[in-house]
>>> print(open('target_33.cif').read())   # mmCIF, C-alpha atoms
data_upload
loop_
_atom_site.label_atom_id
_atom_site.label_comp_id
_atom_site.auth_asym_id
_atom_site.auth_seq_id
_atom_site.Cartn_x
_atom_site.Cartn_y
_atom_site.Cartn_z
CA MET U 1 -16.02 -19.85 -19.06
CA LYS U 2 -17.86 -20.10 -15.73
CA SER U 3 -21.65 -19.93 -15.74
CA LYS U 4 -23.51 -17.19 -13.84
CA ASN U 5 -24.72 -19.71 -11.25
CA THR U 6 -21.18 -20.98 -10.61
CA ILE U 7 -19.91 -17.41 -10.17
CA LYS U 8 -22.81 -16.69 -7.79
CA ARG U 9 -22.01 -19.84 -5.77
CA ILE U 10 -18.30 -18.91 -5.59
CA GLU U 11 -19.13 -15.37 -4.49
CA LYS U 12 -21.58 -16.66 -1.86
CA GLY U 13 -18.80 -18.93 -0.57
CA ARG U 14 -16.39 -15.99 -0.49
CA LEU U 15 -18.92 -13.95 1.49
CA VAL U 16 -19.32 -16.75 4.04
CA GLY U 17 -15.50 -17.01 4.21
CA ILE U 18 -15.23 -13.30 5.00
CA LEU U 19 -17.84 -13.74 7.75
CA VAL U 20 -15.99 -16.73 9.26
CA VAL U 21 -12.65 -14.84 9.27
CA SER U 22 -14.37 -11.81 10.82
CA ILE U 23 -15.87 -13.99 13.57
CA LEU U 24 -12.41 -15.46 14.29
CA VAL U 25 -10.86 -11.97 14.46
CA ILE U 26 -13.67 -10.81 16.78
CA ALA U 27 -13.21 -13.87 19.01
CA THR U 28 -9.47 -13.09 19.18
CA GLY U 29 -10.29 -9.49 20.12
CA ILE U 30 -12.62 -10.64 22.90
CA LEU U 31 -10.04 -13.13 24.21
CA TYR U 32 -7.38 -10.40 24.11
CA SER U 33 -9.68 -8.02 26.02
CA VAL U 34 -10.51 -10.58 28.69
CA THR U 35 -6.88 -11.66 29.26
CA THR U 36 -5.69 -8.02 29.27
CA PHE U 37 -8.43 -7.14 31.80
CA MET U 38 -7.43 -10.07 34.00
CA LYS U 39 -3.83 -8.80 33.94
CA GLY U 40 -5.12 -5.47 35.28
CA ASP U 41 -4.68 -3.39 32.12
CA ASN U 42 -8.14 -1.79 31.86
CA ILE U 43 -7.25 0.62 29.02
CA GLY U 44 -5.89 -2.22 26.88
CA ALA U 45 -9.04 -4.25 27.56
CA ILE U 46 -11.32 -1.36 26.56
CA LEU U 47 -9.27 -0.73 23.41
CA GLY U 48 -9.47 -4.42 22.47
CA ALA U 49 -13.25 -4.42 23.03
CA ILE U 50 -13.67 -1.26 20.90
CA ILE U 51 -11.65 -2.83 18.07
CA ALA U 52 -13.67 -6.09 18.28
CA ILE U 53 -16.99 -4.18 18.23
CA SER U 54 -15.81 -2.03 15.27
CA ILE U 55 -14.83 -5.14 13.29
CA LEU U 56 -18.17 -6.78 14.17
CA ALA U 57 -20.09 -3.70 12.93
CA PHE U 58 -18.04 -3.52 9.72
CA ALA U 59 -18.36 -7.28 9.07
CA LEU U 60 -22.14 -7.18 9.57
CA PHE U 61 -22.43 -4.18 7.25
CA ALA U 62 -20.26 -5.83 4.57
CA PHE U 63 -22.13 -9.15 4.86
CA ARG U 64 -25.60 -7.54 4.62
CA ARG U 65 -24.55 -5.37 1.66
CA GLY U 66 -22.86 -8.25 -0.15
CA ASN U 67 -25.83 -10.54 0.40
CA ARG U 68 -28.26 -7.90 -0.90
CA ASP U 69 -26.09 -7.26 -3.98
CA LEU U 70 -25.89 -10.98 -4.77
CA ARG U 71 -29.68 -11.32 -4.41
CA GLU U 72 -30.22 -8.36 -6.75
CA GLY U 73 -27.86 -9.84 -9.34
CA TYR U 74 -24.78 -7.62 -8.91
CA PRO U 75 -21.31 -9.16 -8.57
CA LEU U 76 -19.53 -8.95 -5.22
CA HIS U 77 -16.40 -7.62 -6.95
CA ASP U 78 -15.87 -6.10 -10.37
CA GLU U 79 -12.80 -4.70 -12.11
CA ARG U 80 -13.11 -1.29 -10.42
CA SER U 81 -13.48 -2.68 -6.90
CA LYS U 82 -10.53 -5.01 -7.55
CA ARG U 83 -8.40 -2.08 -8.77
CA VAL U 84 -9.35 -0.09 -5.64
CA MET U 85 -8.31 -3.04 -3.44
CA GLU U 86 -4.99 -3.43 -5.29
CA LYS U 87 -4.16 0.28 -5.02
CA ALA U 88 -5.14 0.40 -1.35
CA GLY U 89 -3.07 -2.76 -0.76
CA TYR U 90 0.18 -1.52 -2.26
CA LYS U 91 -0.09 1.92 -0.63
CA THR U 92 -0.75 0.22 2.71
CA PHE U 93 2.34 -1.95 2.20
CA LEU U 94 4.55 1.08 1.50
CA VAL U 95 3.24 3.15 4.43
CA THR U 96 3.42 0.12 6.75
CA LEU U 97 7.19 -0.01 6.17
CA TYR U 98 7.43 3.52 7.62
CA LEU U 99 5.01 2.58 10.42
CA LEU U 100 7.20 -0.38 11.38
CA LEU U 101 10.32 1.82 11.28
CA ALA U 102 8.54 4.40 13.46
CA ILE U 103 7.46 1.72 15.95
CA GLY U 104 11.04 0.42 16.02
CA PHE U 105 12.58 3.84 16.69
CA LEU U 106 9.91 5.11 19.09
CA SER U 107 9.82 1.93 21.17
CA GLU U 108 13.40 2.66 22.28
CA ASP U 109 12.50 5.72 24.37
CA ILE U 110 9.10 7.28 23.76
CA ILE U 111 6.58 4.39 23.64
CA LYS U 112 6.96 1.64 26.21
CA PHE U 113 5.38 -1.55 24.89
CA ARG U 114 4.54 -4.24 27.43
CA ASP U 115 6.03 -6.99 25.25
CA VAL U 116 6.68 -7.91 21.62
CA SER U 117 3.09 -9.13 21.12
CA GLN U 118 1.74 -5.69 22.06
CA ALA U 119 4.05 -4.00 19.54
CA THR U 120 2.99 -6.54 16.91
CA SER U 121 -0.68 -5.87 17.71
CA VAL U 122 -0.13 -2.13 17.20
CA ALA U 123 1.60 -2.81 13.86
CA VAL U 124 -1.16 -5.16 12.63
CA GLY U 125 -3.92 -2.83 13.89
CA GLY U 126 -2.21 0.14 12.24
CA MET U 127 -1.91 -1.77 8.98
CA ALA U 128 -5.62 -2.65 9.04
CA LEU U 129 -6.53 0.96 9.80
CA LEU U 130 -4.28 2.22 6.99
CA PHE U 131 -5.87 -0.20 4.55
CA LEU U 132 -9.35 1.01 5.54
CA ILE U 133 -8.33 4.66 5.09
CA PHE U 134 -6.72 4.03 1.68
CA TRP U 135 -9.68 1.90 0.58
CA ILE U 136 -12.13 4.72 1.42
CA TYR U 137 -9.83 7.27 -0.27
CA PHE U 138 -9.40 5.33 -3.54
CA ASN U 139 -13.08 4.43 -3.58
CA LYS U 140 -13.94 8.13 -3.81
CA LYS U 141 -11.05 9.20 -6.02
CA GLU U 142 -10.73 9.00 -9.80
CA ILE U 143 -8.82 5.84 -10.76
CA MET E 1 -11.74 11.61 -20.05
CA LYS E 2 -15.38 12.39 -20.84
CA THR E 3 -18.07 9.88 -21.68
CA ARG E 4 -21.43 9.96 -23.40
CA ILE E 5 -22.73 6.90 -21.57
CA LYS E 6 -25.50 8.83 -19.80
CA GLU E 7 -26.75 10.20 -23.11
CA PHE E 8 -26.75 6.78 -24.80
CA ARG E 9 -28.28 5.14 -21.73
CA ALA E 10 -31.16 7.63 -21.83
CA ARG E 11 -31.66 6.89 -25.54
CA HIS E 12 -32.09 3.21 -24.73
CA ASN E 13 -34.27 3.91 -21.66
CA LEU E 14 -31.85 2.06 -19.40
CA THR E 15 -31.25 2.82 -15.74
CA GLN E 16 -27.76 2.65 -14.21
CA GLU E 17 -28.80 -0.55 -12.42
CA GLU E 18 -30.00 -2.19 -15.63
CA LEU E 19 -26.82 -1.25 -17.51
CA ALA E 20 -24.69 -2.51 -14.61
CA LYS E 21 -26.49 -5.88 -14.65
CA LYS E 22 -26.18 -6.08 -18.45
CA VAL E 23 -22.40 -5.66 -18.39
CA GLY E 24 -21.89 -7.52 -15.10
CA VAL E 25 -20.45 -4.77 -12.92
CA ARG E 26 -21.50 -3.00 -9.74
CA ARG E 27 -23.72 0.10 -10.00
CA GLU E 28 -20.98 2.37 -8.57
CA THR E 29 -18.77 1.45 -11.54
CA ILE E 30 -21.39 2.81 -13.96
CA VAL E 31 -21.75 5.97 -11.82
CA PHE E 32 -17.97 6.58 -11.91
CA LEU E 33 -17.81 5.75 -15.62
CA GLU E 34 -20.52 8.30 -16.40
CA GLN E 35 -18.71 10.94 -14.39
CA GLY E 36 -15.48 10.17 -16.28
CA LYS E 37 -13.82 9.21 -13.00
CA TYR E 38 -12.92 5.69 -14.00
CA ASN E 39 -10.74 4.44 -16.85
CA PRO E 40 -12.30 1.11 -17.78
CA SER E 41 -10.48 -1.87 -19.25
CA LEU E 42 -10.82 -2.40 -22.98
CA GLN E 43 -13.11 -5.37 -22.25
CA LEU E 44 -15.48 -3.30 -20.10
CA ALA E 45 -15.48 -0.41 -22.59
CA HIS E 46 -16.38 -2.93 -25.31
CA ASP E 47 -19.15 -4.49 -23.18
CA VAL E 48 -20.67 -1.09 -22.37
CA ALA E 49 -20.50 -0.04 -26.02
CA LYS E 50 -22.16 -3.31 -27.06
CA ALA E 51 -24.90 -2.95 -24.42
CA LEU E 52 -25.64 0.58 -25.67
CA LYS E 53 -25.44 -0.49 -29.35
CA SER E 54 -22.63 1.94 -29.94
CA THR E 55 -18.85 2.00 -30.36
CA ILE E 56 -16.03 2.77 -27.92
CA ASP E 57 -15.09 5.81 -30.03
CA GLU E 58 -18.58 7.25 -29.71
CA LEU E 59 -18.87 6.63 -25.98
CA PHE E 60 -15.47 7.72 -24.71
CA LEU E 61 -13.91 11.10 -25.51
CA PHE E 62 -10.23 11.47 -24.65
CA GLU E 63 -8.32 14.72 -24.07
CA ASN E 64 -6.49 14.70 -27.45
CA GLN E 65 -9.81 13.88 -29.17
CA LYS E 66 -11.34 17.00 -27.61
CA ASN E 67 -8.33 19.08 -28.70
CA ASP E 68 -8.55 17.66 -32.24
CA ALA E 69 -12.23 18.54 -32.41
CA HIS E 70 -11.44 22.07 -31.16
CA HIS E 71 -8.61 22.39 -33.73
CA THR E 72 -10.87 21.21 -36.58
CA LEU E 73 -13.53 23.70 -35.53
CA LYS E 74 -10.93 26.49 -35.45
CA CYS E 75 -9.71 25.56 -38.97
CA VAL E 76 -13.27 25.56 -40.30
CA VAL E 77 -13.95 28.98 -38.75
#
>>> encode(input="target_33.cif", output="structure tokens")
Amino acid sequence: MKSKNTIKRIEKGRLVGILVVSILVIATGILYSVTTFMKGDNIGAILGAIIAISILAFALFAFRRGNRDLREGYPLHDERSKRVMEKAGYKTFLVTLYLLLAIGFLSEDIIKFRDVSQATSVAVGGMALLFLIFWIYFNKKEI
Amino acid sequence: MKTRIKEFRARHNLTQEELAKKVGVRRETIVFLEQGKYNPSLQLAHDVAKALKSTIDELFLFENQKNDAHHTLKCVV
């Protein structure tokens, strides 16, 4: 059985890990925006910047909240928050299958993607957005 | 599912925060438990019951339990 201090140290490490991953994602978003802007696609650059700023705001909020909770003696995750994550995860997986199918069908005629990486970005972005929506939904709903 | 956690918590002069810290969960979990919006694991139900010096049976009322109580009352009347 792990002691309280060990659990606290692990959770602190997890929080720092989340922050590092968020910074990497934000850096990728900025790089994407800059390269897209240099290619002359202003809308793509603005969209990339908006996504990077949104992730930055969410990461800062999550880090501050997590840090405060750890200081006050609450765990970062408990069985309910884990169950919410699991439910949001599997729903996201199922809906993403339809999203990928839709992207596949629509990219034939209706949506013109610049290249495969742009279509992949839309799929990954959509998946992240779906997860956020399901997470908020299951966090409010009876589980 | 209905719970009597709020009632027992008040008896022991515990806040939601204090109970959450005692059983090692987040405060929201206690809020949802009190509202009957979360089905806890057996372990958590046991921990909450222990923290409130009670039993799982006393704290958590299930649908069939409510019906049984209603039926008993009807029979008595």
>>> closest_atom_pairs(input="target_33.cif", of="chain U", to="chain E", cutoff="9 Å", atoms="only C-alpha atoms", output="JSON lines")
{"residue": "U:Asp69", "atom": "CA", "partner": "E:Arg26", "partner_atom": "CA", "distance": 8.5}
{"residue": "U:Gly73", "atom": "CA", "partner": "E:Lys21", "partner_atom": "CA", "distance": 6.8}
{"residue": "U:Tyr74", "atom": "CA", "partner": "E:Arg26", "partner_atom": "CA", "distance": 5.7}
{"residue": "U:Pro75", "atom": "CA", "partner": "E:Val25", "partner_atom": "CA", "distance": 6.2}
{"residue": "U:Leu76", "atom": "CA", "partner": "E:Arg26", "partner_atom": "CA", "distance": 7.7}
{"residue": "U:His77", "atom": "CA", "partner": "E:Arg26", "partner_atom": "CA", "distance": 7.4}
{"residue": "U:Asp78", "atom": "CA", "partner": "E:Val25", "partner_atom": "CA", "distance": 5.4}
{"residue": "U:Glu79", "atom": "CA", "partner": "E:Val25", "partner_atom": "CA", "distance": 7.7}
{"residue": "U:Arg80", "atom": "CA", "partner": "E:Thr29", "partner_atom": "CA", "distance": 6.4}
{"residue": "U:Ser81", "atom": "CA", "partner": "E:Thr29", "partner_atom": "CA", "distance": 8.2}
{"residue": "U:Lys141", "atom": "CA", "partner": "E:Lys37", "partner_atom": "CA", "distance": 7.5}
{"residue": "U:Glu142", "atom": "CA", "partner": "E:Lys37", "partner_atom": "CA", "distance": 4.5}
{"residue": "U:Ile143", "atom": "CA", "partner": "E:Tyr38", "partner_atom": "CA", "distance": 5.2}
>>> residues_around(input="target_33.cif", residues="Leu59 (chain E)", least_positions_apart="3", cutoff="7 Å", atoms="only C-alpha atoms", output="PyMOL selection string")
chain E and resi 3-5+49+55-56
>>> residues_around(input="target_33.cif", residues="Leu31 (chain U)", least_positions_apart="4", cutoff="12 Å", atoms="only C-alpha atoms", output="list in words")
Leu24, Val25, Ile26, Ala27, Thr35, Thr36, Phe37, Met38, Gly44, Ala45, Gly48, Ala49 and Ala52 of chain U
>>> resolve_selection(input="target_33.cif", expression="the PyMOL selection byres ((chain U and resi 115-127) around 7)", output="number ranges by chain")
U: 92, 96, 100, 113-114, 128-131
>>> resolve_selection(input="target_33.cif", expression="the PyMOL selection byres ((chain U and resi 87) around 12)", output="list in words")
Arg80, Ser81, Lys82, Arg83, Val84, Met85, Glu86, Ala88, Gly89, Tyr90, Lys91, Thr92, Phe93, Leu94, Phe131, Leu132, Ile133, Phe134, Trp135, Ile136, Tyr137, Phe138, Asn139, Lys141, Glu142 and Ile143 of chain U
>>> write_last_selection(input="target_33.cif", atoms="C-alpha atoms", output="JSON list (two decimals), in the frame of the given file")
[["chain", "number", "residue", "atom", "x", "y", "z"],
["U", 80, "ARG", "CA", -13.11, -1.29, -10.42],
["U", 81, "SER", "CA", -13.48, -2.68, -6.90],
["U", 82, "LYS", "CA", -10.53, -5.01, -7.55],
["U", 83, "ARG", "CA", -8.40, -2.08, -8.77],
["U", 84, "VAL", "CA", -9.35, -0.09, -5.64],
["U", 85, "MET", "CA", -8.31, -3.04, -3.44],
["U", 86, "GLU", "CA", -4.99, -3.43, -5.29],
["U", 88, "ALA", "CA", -5.14, 0.40, -1.35],
["U", 89, "GLY", "CA", -3.07, -2.76, -0.76],
["U", 90, "TYR", "CA", 0.18, -1.52, -2.26],
["U", 91, "LYS", "CA", -0.09, 1.92, -0.63],
["U", 92, "THR", "CA", -0.75, 0.22, 2.71],
["U", 93, "PHE", "CA", 2.34, -1.95, 2.20],
["U", 94, "LEU", "CA", 4.55, 1.08, 1.50],
["U", 131, "PHE", "CA", -5.87, -0.20, 4.55],
["U", 132, "LEU", "CA", -9.35, 1.01, 5.54],
["U", 133, "ILE", "CA", -8.33, 4.66, 5.09],
["U", 134, "PHE", "CA", -6.72, 4.03, 1.68],
["U", 135, "TRP", "CA", -9.68, 1.90, 0.58],
["U", 136, "ILE", "CA", -12.13, 4.72, 1.42],
["U", 137, "TYR", "CA", -9.83, 7.27, -0.27],
["U", 138, "PHE", "CA", -9.40, 5.33, -3.54],
["U", 139, "ASN", "CA", -13.08, 4.43, -3.58],
["U", 141, "LYS", "CA", -11.05, 9.20, -6.02],
["U", 142, "GLU", "CA", -10.73, 9.00, -9.80],
["U", 143, "ILE", "CA", -8.82, 5.84, -10.76]]
>>> resolve_selection(input="target_33.cif", expression="the PyMOL selection byres ((chain U and resi 11-13) around 9)", output="list in words")
Thr6, Ile7, Lys8, Arg9, Ile10, Arg14, Leu15, Val16, Gly17, Ile18, Gly66, Asn67, Leu70, Pro75, Leu76 and His77 of chain U
>>> atom_distance(input="target_33.cif", atom1="CA of Glu7 (chain E)", atom2="CA of Lys140 (chain U)")
23.3 Å
>>> closest_residue(input="target_33.cif", among="E:Ser54, E:Glu34, E:Val48, E:Gln43", to="Lys2 (chain E)", atoms="all atoms listed in the file")
E:Glu34
>>> atom_distance(input="target_33.cif", atom1="CA of Val31 (chain E)", atom2="CA of Asn5 (chain U)")
25.9 Å
>>> axis_aligned_box(input="target_33.cif", around="region 72-79 of chain U", padding_each_side="6 Å", output="AutoDock Vina command-line options")
--center_x -21.5 --center_y -7.3 --center_z -8.7 --size_x 29.4 --size_y 17.1 --size_z 18.9
>>> atom_distance(input="target_33.cif", atom1="CA of Gln16 (chain E)", atom2="CA of Asp57 (chain E)")
20.5 Å
>>> build_atoms(input="target_33.cif", residues="region 14-42 of chain E", atoms="N, CA and C atoms", output="PDB file, in the frame of the given file")
ATOM      1  N   LEU E  14     -32.451   2.981 -20.363  1.00  0.00           N
ATOM      2  CA  LEU E  14     -31.850   2.060 -19.400  1.00  0.00           C
ATOM      3  C   LEU E  14     -31.487   2.823 -18.127  1.00  0.00           C
ATOM      4  N   THR E  15     -31.706   2.198 -16.984  1.00  0.00           N
ATOM      5  CA  THR E  15     -31.250   2.820 -15.740  1.00  0.00           C
ATOM      6  C   THR E  15     -29.800   2.379 -15.496  1.00  0.00           C
ATOM      7  N   GLN E  16     -29.141   3.036 -14.549  1.00  0.00           N
ATOM      8  CA  GLN E  16     -27.760   2.650 -14.210  1.00  0.00           C
ATOM      9  C   GLN E  16     -27.720   1.198 -13.738  1.00  0.00           C
ATOM     10  N   GLU E  17     -28.746   0.816 -12.956  1.00  0.00           N
ATOM     11  CA  GLU E  17     -28.800  -0.550 -12.420  1.00  0.00           C
ATOM     12  C   GLU E  17     -28.910  -1.566 -13.557  1.00  0.00           C
ATOM     13  N   GLU E  18     -29.791  -1.252 -14.508  1.00  0.00           N
ATOM     14  CA  GLU E  18     -30.000  -2.190 -15.630  1.00  0.00           C
ATOM     15  C   GLU E  18     -28.729  -2.338 -16.469  1.00  0.00           C
ATOM     16  N   LEU E  19     -28.064  -1.202 -16.723  1.00  0.00           N
ATOM     17  CA  LEU E  19     -26.820  -1.250 -17.510  1.00  0.00           C
ATOM     18  C   LEU E  19     -25.743  -2.043 -16.756  1.00  0.00           C
ATOM     19  N   ALA E  20     -25.687  -1.799 -15.430  1.00  0.00           N
ATOM     20  CA  ALA E  20     -24.690  -2.510 -14.610  1.00  0.00           C
ATOM     21  C   ALA E  20     -24.912  -4.023 -14.693  1.00  0.00           C
ATOM     22  N   LYS E  21     -26.186  -4.437 -14.583  1.00  0.00           N
ATOM     23  CA  LYS E  21     -26.490  -5.880 -14.650  1.00  0.00           C
ATOM     24  C   LYS E  21     -26.168  -6.433 -16.034  1.00  0.00           C
ATOM     25  N   LYS E  22     -26.439  -5.618 -17.073  1.00  0.00           N
ATOM     26  CA  LYS E  22     -26.180  -6.080 -18.450  1.00  0.00           C
ATOM     27  C   LYS E  22     -24.702  -6.352 -18.693  1.00  0.00           C
ATOM     28  N   VAL E  23     -23.840  -5.485 -18.141  1.00  0.00           N
ATOM     29  CA  VAL E  23     -22.400  -5.660 -18.390  1.00  0.00           C
ATOM     30  C   VAL E  23     -21.694  -6.405 -17.249  1.00  0.00           C
ATOM     31  N   GLY E  24     -22.450  -6.725 -16.195  1.00  0.00           N
ATOM     32  CA  GLY E  24     -21.890  -7.520 -15.100  1.00  0.00           C
ATOM     33  C   GLY E  24     -20.930  -6.789 -14.190  1.00  0.00           C
ATOM     34  N   VAL E  25     -21.266  -5.528 -13.885  1.00  0.00           N
ATOM     35  CA  VAL E  25     -20.450  -4.770 -12.920  1.00  0.00           C
ATOM     36  C   VAL E  25     -21.359  -4.213 -11.829  1.00  0.00           C
ATOM     37  N   ARG E  26     -20.727  -3.606 -10.821  1.00  0.00           N
ATOM     38  CA  ARG E  26     -21.500  -3.000  -9.740  1.00  0.00           C
ATOM     39  C   ARG E  26     -22.018  -1.635 -10.213  1.00  0.00           C
ATOM     40  N   ARG E  27     -23.112  -1.158  -9.565  1.00  0.00           N
ATOM     41  CA  ARG E  27     -23.720   0.100 -10.000  1.00  0.00           C
ATOM     42  C   ARG E  27     -22.758   1.273  -9.863  1.00  0.00           C
ATOM     43  N   GLU E  28     -21.926   1.254  -8.796  1.00  0.00           N
ATOM     44  CA  GLU E  28     -20.980   2.370  -8.570  1.00  0.00           C
ATOM     45  C   GLU E  28     -20.045   2.525  -9.771  1.00  0.00           C
ATOM     46  N   THR E  29     -19.692   1.404 -10.393  1.00  0.00           N
ATOM     47  CA  THR E  29     -18.770   1.450 -11.540  1.00  0.00           C
ATOM     48  C   THR E  29     -19.402   2.259 -12.682  1.00  0.00           C
ATOM     49  N   ILE E  30     -20.700   2.054 -12.907  1.00  0.00           N
ATOM     50  CA  ILE E  30     -21.390   2.810 -13.960  1.00  0.00           C
ATOM     51  C   ILE E  30     -21.442   4.297 -13.585  1.00  0.00           C
ATOM     52  N   VAL E  31     -21.704   4.571 -12.295  1.00  0.00           N
ATOM     53  CA  VAL E  31     -21.750   5.970 -11.820  1.00  0.00           C
ATOM     54  C   VAL E  31     -20.411   6.658 -12.099  1.00  0.00           C
ATOM     55  N   PHE E  32     -19.309   5.997 -11.714  1.00  0.00           N
ATOM     56  CA  PHE E  32     -17.970   6.580 -11.910  1.00  0.00           C
ATOM     57  C   PHE E  32     -17.624   6.680 -13.394  1.00  0.00           C
ATOM     58  N   LEU E  33     -18.062   5.705 -14.179  1.00  0.00           N
ATOM     59  CA  LEU E  33     -17.810   5.750 -15.620  1.00  0.00           C
ATOM     60  C   LEU E  33     -18.504   6.961 -16.242  1.00  0.00           C
ATOM     61  N   GLU E  34     -19.759   7.171 -15.850  1.00  0.00           N
ATOM     62  CA  GLU E  34     -20.520   8.300 -16.400  1.00  0.00           C
ATOM     63  C   GLU E  34     -19.910   9.641 -16.039  1.00  0.00           C
ATOM     64  N   GLN E  35     -19.332   9.688 -14.844  1.00  0.00           N
ATOM     65  CA  GLN E  35     -18.710  10.940 -14.390  1.00  0.00           C
ATOM     66  C   GLN E  35     -17.300  11.109 -14.978  1.00  0.00           C
ATOM     67  N   GLY E  36     -16.828  10.117 -15.709  1.00  0.00           N
ATOM     68  CA  GLY E  36     -15.480  10.170 -16.280  1.00  0.00           C
ATOM     69  C   GLY E  36     -14.399   9.995 -15.228  1.00  0.00           C
ATOM     70  N   LYS E  37     -14.779   9.376 -14.091  1.00  0.00           N
ATOM     71  CA  LYS E  37     -13.820   9.210 -13.000  1.00  0.00           C
ATOM     72  C   LYS E  37     -13.218   7.805 -12.958  1.00  0.00           C
ATOM     73  N   TYR E  38     -13.481   7.026 -13.981  1.00  0.00           N
ATOM     74  CA  TYR E  38     -12.920   5.690 -14.000  1.00  0.00           C
ATOM     75  C   TYR E  38     -12.503   5.319 -15.423  1.00  0.00           C
ATOM     76  N   ASN E  39     -11.259   4.900 -15.555  1.00  0.00           N
ATOM     77  CA  ASN E  39     -10.740   4.440 -16.850  1.00  0.00           C
ATOM     78  C   ASN E  39     -10.996   2.946 -16.962  1.00  0.00           C
ATOM     79  N   PRO E  40     -11.976   2.539 -17.748  1.00  0.00           N
ATOM     80  CA  PRO E  40     -12.300   1.110 -17.780  1.00  0.00           C
ATOM     81  C   PRO E  40     -11.289   0.311 -18.603  1.00  0.00           C
ATOM     82  N   SER E  41     -11.312  -1.000 -18.409  1.00  0.00           N
ATOM     83  CA  SER E  41     -10.480  -1.870 -19.250  1.00  0.00           C
ATOM     84  C   SER E  41     -11.092  -1.883 -20.645  1.00  0.00           C
ATOM     85  N   LEU E  42     -10.327  -2.342 -21.597  1.00  0.00           N
ATOM     86  CA  LEU E  42     -10.820  -2.400 -22.980  1.00  0.00           C
ATOM     87  C   LEU E  42     -12.047  -3.320 -23.061  1.00  0.00           C
TER      88      LEU E  42
END
